[in-house]
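J.: I am sharing target_38.cif, which consists of mmCIF, N, CA and C atoms and all ligand atoms:
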data_structure
loop_
_atom_site.group_PDB
_atom_site.id
_atom_site.type_symbol
_atom_site.label_atom_id
_atom_site.label_comp_id
_atom_site.auth_asym_id
_atom_site.auth_seq_id
_atom_site.Cartn_x
_atom_site.Cartn_y
_atom_site.Cartn_z
ATOM 1 N N MET I 401 38.985 123.084 122.889
ATOM 2 C CA MET I 401 40.040 122.231 122.326
ATOM 3 C C MET I 401 40.702 122.955 121.168
ATOM 4 N N PHE I 402 42.010 122.990 121.237
ATOM 5 C CA PHE I 402 42.758 123.702 120.209
ATOM 6 C C PHE I 402 43.411 122.704 119.248
ATOM 7 N N LEU I 403 43.107 122.854 117.997
ATOM 8 C CA LEU I 403 43.660 121.937 117.007
ATOM 9 C C LEU I 403 44.708 122.647 116.155
ATOM 10 N N ILE I 404 45.853 122.026 116.048
ATOM 11 C CA ILE I 404 46.891 122.558 115.171
ATOM 12 C C ILE I 404 46.616 122.068 113.752
ATOM 13 N N PRO I 405 46.591 122.975 112.807
ATOM 14 C CA PRO I 405 46.382 122.521 111.412
ATOM 15 C C PRO I 405 47.423 121.477 111.030
ATOM 16 N N TRP I 406 46.999 120.463 110.313
ATOM 17 C CA TRP I 406 47.875 119.353 109.956
ATOM 18 C C TRP I 406 49.147 119.845 109.269
ATOM 19 N N SER I 407 49.011 120.842 108.440
ATOM 20 C CA SER I 407 50.158 121.299 107.668
ATOM 21 C C SER I 407 51.189 122.017 108.528
ATOM 22 N N LEU I 408 50.801 122.391 109.762
ATOM 23 C CA LEU I 408 51.729 123.115 110.629
ATOM 24 C C LEU I 408 52.342 122.233 111.704
ATOM 25 N N ARG I 409 52.034 120.937 111.666
ATOM 26 C CA ARG I 409 52.614 120.041 112.661
ATOM 27 C C ARG I 409 54.135 119.994 112.489
ATOM 28 N N PRO I 410 54.857 119.994 113.601
ATOM 29 C CA PRO I 410 56.333 120.064 113.538
ATOM 30 C C PRO I 410 56.960 118.992 112.651
ATOM 31 N N GLU I 411 56.428 117.777 112.689
ATOM 32 C CA GLU I 411 57.057 116.707 111.907
ATOM 33 C C GLU I 411 56.931 116.976 110.412
ATOM 34 N N TRP I 412 55.923 117.717 110.031
ATOM 35 C CA TRP I 412 55.769 118.042 108.615
ATOM 36 C C TRP I 412 56.687 119.187 108.219
ATOM 37 N N ILE I 413 56.935 120.053 109.168
ATOM 38 C CA ILE I 413 57.865 121.140 108.871
ATOM 39 C C ILE I 413 59.267 120.579 108.687
ATOM 40 N N ALA I 414 59.600 119.545 109.495
ATOM 41 C CA ALA I 414 60.936 118.957 109.438
ATOM 42 C C ALA I 414 61.144 118.151 108.163
ATOM 43 N N MET I 415 60.053 117.665 107.579
ATOM 44 C CA MET I 415 60.187 116.843 106.391
ATOM 45 C C MET I 415 59.617 117.566 105.176
ATOM 46 N N PRO I 416 60.454 117.866 104.212
ATOM 47 C CA PRO I 416 59.975 118.559 103.023
ATOM 48 C C PRO I 416 59.013 117.707 102.201
ATOM 49 N N LYS I 417 59.198 116.385 102.235
ATOM 50 C CA LYS I 417 58.298 115.508 101.500
ATOM 51 C C LYS I 417 57.443 114.721 102.476
ATOM 52 N N PRO I 418 56.223 114.400 102.092
ATOM 53 C CA PRO I 418 55.405 113.586 102.985
ATOM 54 C C PRO I 418 56.027 112.213 103.157
ATOM 55 N N PRO I 419 56.063 111.723 104.396
ATOM 56 C CA PRO I 419 56.646 110.394 104.626
ATOM 57 C C PRO I 419 55.748 109.309 104.060
ATOM 58 N N ILE I 420 56.352 108.184 103.788
ATOM 59 C CA ILE I 420 55.571 107.073 103.258
ATOM 60 C C ILE I 420 54.756 106.463 104.392
ATOM 61 N N ASN I 421 53.598 105.978 104.037
ATOM 62 C CA ASN I 421 52.748 105.289 104.983
ATOM 63 C C ASN I 421 53.476 104.067 105.560
ATOM 64 N N LYS I 422 53.559 104.010 106.880
ATOM 65 C CA LYS I 422 54.330 102.924 107.506
ATOM 66 C C LYS I 422 53.731 101.550 107.225
ATOM 67 N N GLU I 423 52.411 101.486 107.151
ATOM 68 C CA GLU I 423 51.774 100.199 106.856
ATOM 69 C C GLU I 423 52.127 99.744 105.443
ATOM 70 N N LEU I 424 52.209 100.717 104.546
ATOM 71 C CA LEU I 424 52.596 100.402 103.176
ATOM 72 C C LEU I 424 54.048 99.931 103.144
ATOM 73 N N LEU I 425 54.875 100.596 103.913
ATOM 74 C CA LEU I 425 56.294 100.225 103.959
ATOM 75 C C LEU I 425 56.453 98.783 104.434
ATOM 76 N N ASP I 426 55.599 98.383 105.370
ATOM 77 C CA ASP I 426 55.695 97.027 105.922
ATOM 78 C C ASP I 426 55.387 95.942 104.890
ATOM 79 N N ILE I 427 54.525 96.241 103.942
ATOM 80 C CA ILE I 427 54.122 95.197 102.991
ATOM 81 C C ILE I 427 54.933 95.246 101.706
ATOM 82 N N LEU I 428 55.721 96.288 101.553
ATOM 83 C CA LEU I 428 56.537 96.383 100.349
ATOM 84 C C LEU I 428 57.706 95.401 100.419
ATOM 85 N N ALA I 429 58.077 94.877 99.269
ATOM 86 C CA ALA I 429 59.227 93.976 99.210
ATOM 87 C C ALA I 429 60.000 94.253 97.935
ATOM 88 N N CYS I 430 61.290 94.016 98.022
ATOM 89 C CA CYS I 430 62.152 94.175 96.862
ATOM 90 C C CYS I 430 61.716 93.188 95.777
ATOM 91 N N PRO I 431 61.463 93.654 94.562
ATOM 92 C CA PRO I 431 61.023 92.746 93.495
ATOM 93 C C PRO I 431 62.130 91.809 93.018
ATOM 94 N N ILE I 432 63.354 92.112 93.380
ATOM 95 C CA ILE I 432 64.471 91.271 92.947
ATOM 96 C C ILE I 432 64.645 90.071 93.889
ATOM 97 N N CYS I 433 64.746 90.350 95.179
ATOM 98 C CA CYS I 433 65.056 89.273 96.121
ATOM 99 C C CYS I 433 63.943 89.039 97.134
ATOM 100 N N LYS I 434 62.865 89.789 97.023
ATOM 101 C CA LYS I 434 61.677 89.591 97.870
ATOM 102 C C LYS I 434 61.907 89.894 99.341
ATOM 103 N N SER I 435 62.971 90.633 99.629
ATOM 104 C CA SER I 435 63.214 91.026 101.007
ATOM 105 C C SER I 435 62.505 92.344 101.305
ATOM 106 N N GLY I 436 62.464 92.687 102.561
ATOM 107 C CA GLY I 436 61.830 93.925 102.972
ATOM 108 C C GLY I 436 62.673 95.140 102.609
ATOM 109 N N VAL I 437 62.050 96.290 102.666
ATOM 110 C CA VAL I 437 62.760 97.527 102.357
ATOM 111 C C VAL I 437 62.645 98.487 103.529
ATOM 112 N N ARG I 438 63.617 99.373 103.603
ATOM 113 C CA ARG I 438 63.607 100.403 104.636
ATOM 114 C C ARG I 438 63.700 101.764 103.987
ATOM 115 N N LEU I 439 63.143 102.752 104.680
ATOM 116 C CA LEU I 439 63.212 104.115 104.200
ATOM 117 C C LEU I 439 64.522 104.738 104.658
ATOM 118 N N ARG I 440 65.296 105.239 103.691
ATOM 119 C CA ARG I 440 66.552 105.875 104.043
ATOM 120 C C ARG I 440 66.826 107.024 103.096
ATOM 121 N N LYS I 441 66.961 108.202 103.654
ATOM 122 C CA LYS I 441 67.250 109.405 102.871
ATOM 123 C C LYS I 441 66.266 109.592 101.721
ATOM 124 N N GLY I 442 64.998 109.343 102.006
ATOM 125 C CA GLY I 442 63.974 109.593 101.005
ATOM 126 C C GLY I 442 63.853 108.521 99.949
ATOM 127 N N LYS I 443 64.600 107.429 100.129
ATOM 128 C CA LYS I 443 64.494 106.323 99.183
ATOM 129 C C LYS I 443 64.207 105.045 99.943
ATOM 130 N N LEU I 444 63.669 104.066 99.214
ATOM 131 C CA LEU I 444 63.480 102.759 99.807
ATOM 132 C C LEU I 444 64.692 101.909 99.471
ATOM 133 N N VAL I 445 65.283 101.327 100.494
ATOM 134 C CA VAL I 445 66.491 100.533 100.303
ATOM 135 C C VAL I 445 66.224 99.108 100.756
ATOM 136 N N CYS I 446 66.502 98.166 99.873
ATOM 137 C CA CYS I 446 66.320 96.752 100.199
ATOM 138 C C CYS I 446 67.296 96.357 101.297
ATOM 139 N N ILE I 447 66.790 95.635 102.300
ATOM 140 C CA ILE I 447 67.642 95.267 103.425
ATOM 141 C C ILE I 447 68.602 94.147 103.060
ATOM 142 N N ARG I 448 68.348 93.446 101.958
ATOM 143 C CA ARG I 448 69.239 92.347 101.604
ATOM 144 C C ARG I 448 70.211 92.733 100.488
ATOM 145 N N CYS I 449 69.681 93.145 99.338
ATOM 146 C CA CYS I 449 70.568 93.373 98.193
ATOM 147 C C CYS I 449 70.999 94.832 98.077
ATOM 148 N N GLY I 450 70.369 95.717 98.843
ATOM 149 C CA GLY I 450 70.815 97.101 98.870
ATOM 150 C C GLY I 450 70.337 97.949 97.710
ATOM 151 N N ARG I 451 69.486 97.405 96.865
ATOM 152 C CA ARG I 451 68.971 98.207 95.758
ATOM 153 C C ARG I 451 68.102 99.337 96.306
ATOM 154 N N GLU I 452 68.183 100.478 95.631
ATOM 155 C CA GLU I 452 67.409 101.641 96.058
ATOM 156 C C GLU I 452 66.251 101.868 95.101
ATOM 157 N N TYR I 453 65.108 102.143 95.675
ATOM 158 C CA TYR I 453 63.921 102.436 94.883
ATOM 159 C C TYR I 453 63.454 103.846 95.199
ATOM 160 N N PRO I 454 63.170 104.625 94.176
ATOM 161 C CA PRO I 454 62.785 106.015 94.417
ATOM 162 C C PRO I 454 61.360 106.132 94.954
ATOM 163 N N LEU I 455 61.160 107.201 95.708
ATOM 164 C CA LEU I 455 59.819 107.570 96.147
ATOM 165 C C LEU I 455 59.434 108.830 95.389
ATOM 166 N N VAL I 456 58.322 108.782 94.697
ATOM 167 C CA VAL I 456 57.863 109.946 93.969
ATOM 168 C C VAL I 456 56.552 110.410 94.580
ATOM 169 N N ASP I 457 56.629 111.570 95.246
ATOM 170 C CA ASP I 457 55.456 112.107 95.939
ATOM 171 C C ASP I 457 54.860 111.096 96.915
ATOM 172 N N GLY I 458 55.738 110.356 97.598
ATOM 173 C CA GLY I 458 55.279 109.390 98.582
ATOM 174 C C GLY I 458 54.871 108.053 97.993
ATOM 175 N N ILE I 459 54.960 107.934 96.662
ATOM 176 C CA ILE I 459 54.594 106.679 96.006
ATOM 177 C C ILE I 459 55.875 105.902 95.695
ATOM 178 N N PRO I 460 55.991 104.695 96.231
ATOM 179 C CA PRO I 460 57.202 103.913 95.955
ATOM 180 C C PRO I 460 57.196 103.361 94.532
ATOM 181 N N ILE I 461 58.326 103.518 93.865
ATOM 182 C CA ILE I 461 58.469 102.982 92.511
ATOM 183 C C ILE I 461 59.274 101.698 92.619
ATOM 184 N N MET I 462 58.563 100.587 92.770
ATOM 185 C CA MET I 462 59.232 99.306 93.023
ATOM 186 C C MET I 462 59.411 98.528 91.720
ATOM 187 N N LEU I 463 60.097 99.121 90.770
ATOM 188 C CA LEU I 463 60.337 98.460 89.494
ATOM 189 C C LEU I 463 61.804 98.058 89.405
ATOM 190 N N PRO I 464 62.066 96.820 88.978
ATOM 191 C CA PRO I 464 63.460 96.385 88.855
ATOM 192 C C PRO I 464 64.274 97.322 87.976
ATOM 193 N N GLU I 465 63.645 97.877 86.951
ATOM 194 C CA GLU I 465 64.413 98.767 86.071
ATOM 195 C C GLU I 465 64.770 100.089 86.749
ATOM 196 N N GLU I 466 64.018 100.425 87.812
ATOM 197 C CA GLU I 466 64.292 101.673 88.527
ATOM 198 C C GLU I 466 65.282 101.481 89.656
ATOM 199 N N ALA I 467 65.580 100.234 89.955
ATOM 200 C CA ALA I 467 66.456 99.947 91.095
ATOM 201 C C ALA I 467 67.870 100.405 90.806
ATOM 202 N N ARG I 468 68.478 100.937 91.822
ATOM 203 C CA ARG I 468 69.869 101.365 91.699
ATOM 204 C C ARG I 468 70.695 100.628 92.742
ATOM 205 N N LEU I 469 71.737 99.986 92.253
ATOM 206 C CA LEU I 469 72.650 99.337 93.193
ATOM 207 C C LEU I 469 73.649 100.352 93.713
ATOM 208 N N LYS I 470 73.885 100.274 95.001
ATOM 209 C CA LYS I 470 74.881 101.180 95.591
ATOM 210 C C LYS I 470 76.271 100.808 95.111
ATOM 211 N N ASN I 471 77.052 101.807 94.814
ATOM 212 C CA ASN I 471 78.426 101.550 94.368
ATOM 213 C C ASN I 471 79.350 101.414 95.575
HETATM 214 ZN ZN ZN I 501 66.582 93.173 97.180
#
Before we go any further, please render this structure as C-alpha cells.
T.:
Amino acid sequence: MFLIPWSLRPEWIAMPKPPINKELLDILACPICKSGVRLRKGKLVCIRCGREYPLVDGIPIMLPEEARLKN
C-alpha cells in the first residue's frame, strides 16, 4: 500500500492556507444576526448580513469588532 504524505496531497498544494474544518463551519454563526456563515476567498461571510470574518491560521475570528461590511 502506497501512502501519499499528507502535505503532498493535491488539495493542499492548491490551497496555500489550511481549509477550515467543515464541521466547525457548520456550527459557526454570525454574532450579529445569528445566521450561518460561508467560506469565501479565505474569509467567513455571513449569509444574511454579509459581514466578513477573518480566518487566522484556520481559526475563525468571530468577533463583532472584527466584522467587515462589504461596501
Ligand atoms: Zn450576519
J.: Using all atoms listed in the file, which protein or nucleic acid residues are at most 7 Å from ligand ZN 501 (chain I), as a ChimeraX atom specification?
T.: /I:429-436,445-451
J.: Which residues, protein or nucleic acid, reach to within 12 Å of (68.0, 108.6, 104.7) in the file's coordinates when using only C-alpha atoms, and can you give that as a list of chain:residue names?
T.: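 Residues with an atom at most 12 Å from (68.0, 108.6, 104.7): I:Met415, I:Pro419, I:Arg438, I:Leu439, I:Arg440, I:Lys441, I:Gly442, I:Lys443, I:Leu444, I:Val445, I:Glu452, I:Pro454, I:Leu455.
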J.: Box time for stretch 449-454 of chain I: axis-aligned, enclosing all its listed atoms, 3 Å extra on each side; report centre and edge lengths in Å to one decimal, as lines of an AutoDock Vina configuration file.
T.:
center_x = 66.2
center_y = 99.6
center_z = 96.8
size_x = 15.6
size_y = 19.0
size_z = 11.2
J.: For atom C of I:Ile461 and atom CA of I:Leu428, determine how far apart the two atoms are, in Å to one decimal place.
T.: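 Between atom C of I:Ile461 and atom CA of I:Leu428 the gap is 9.8 Å.
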J.: Between atom CA of I:Arg468 and atom CA of I:Glu423, what is the spacing in Å?
T.: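 These two atoms are separated by 23.6 Å.
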J.: One number please: atom CA of I:Tyr453 to atom N of I:Ala467, in Å, one decimal.
T.: 5.6 Å
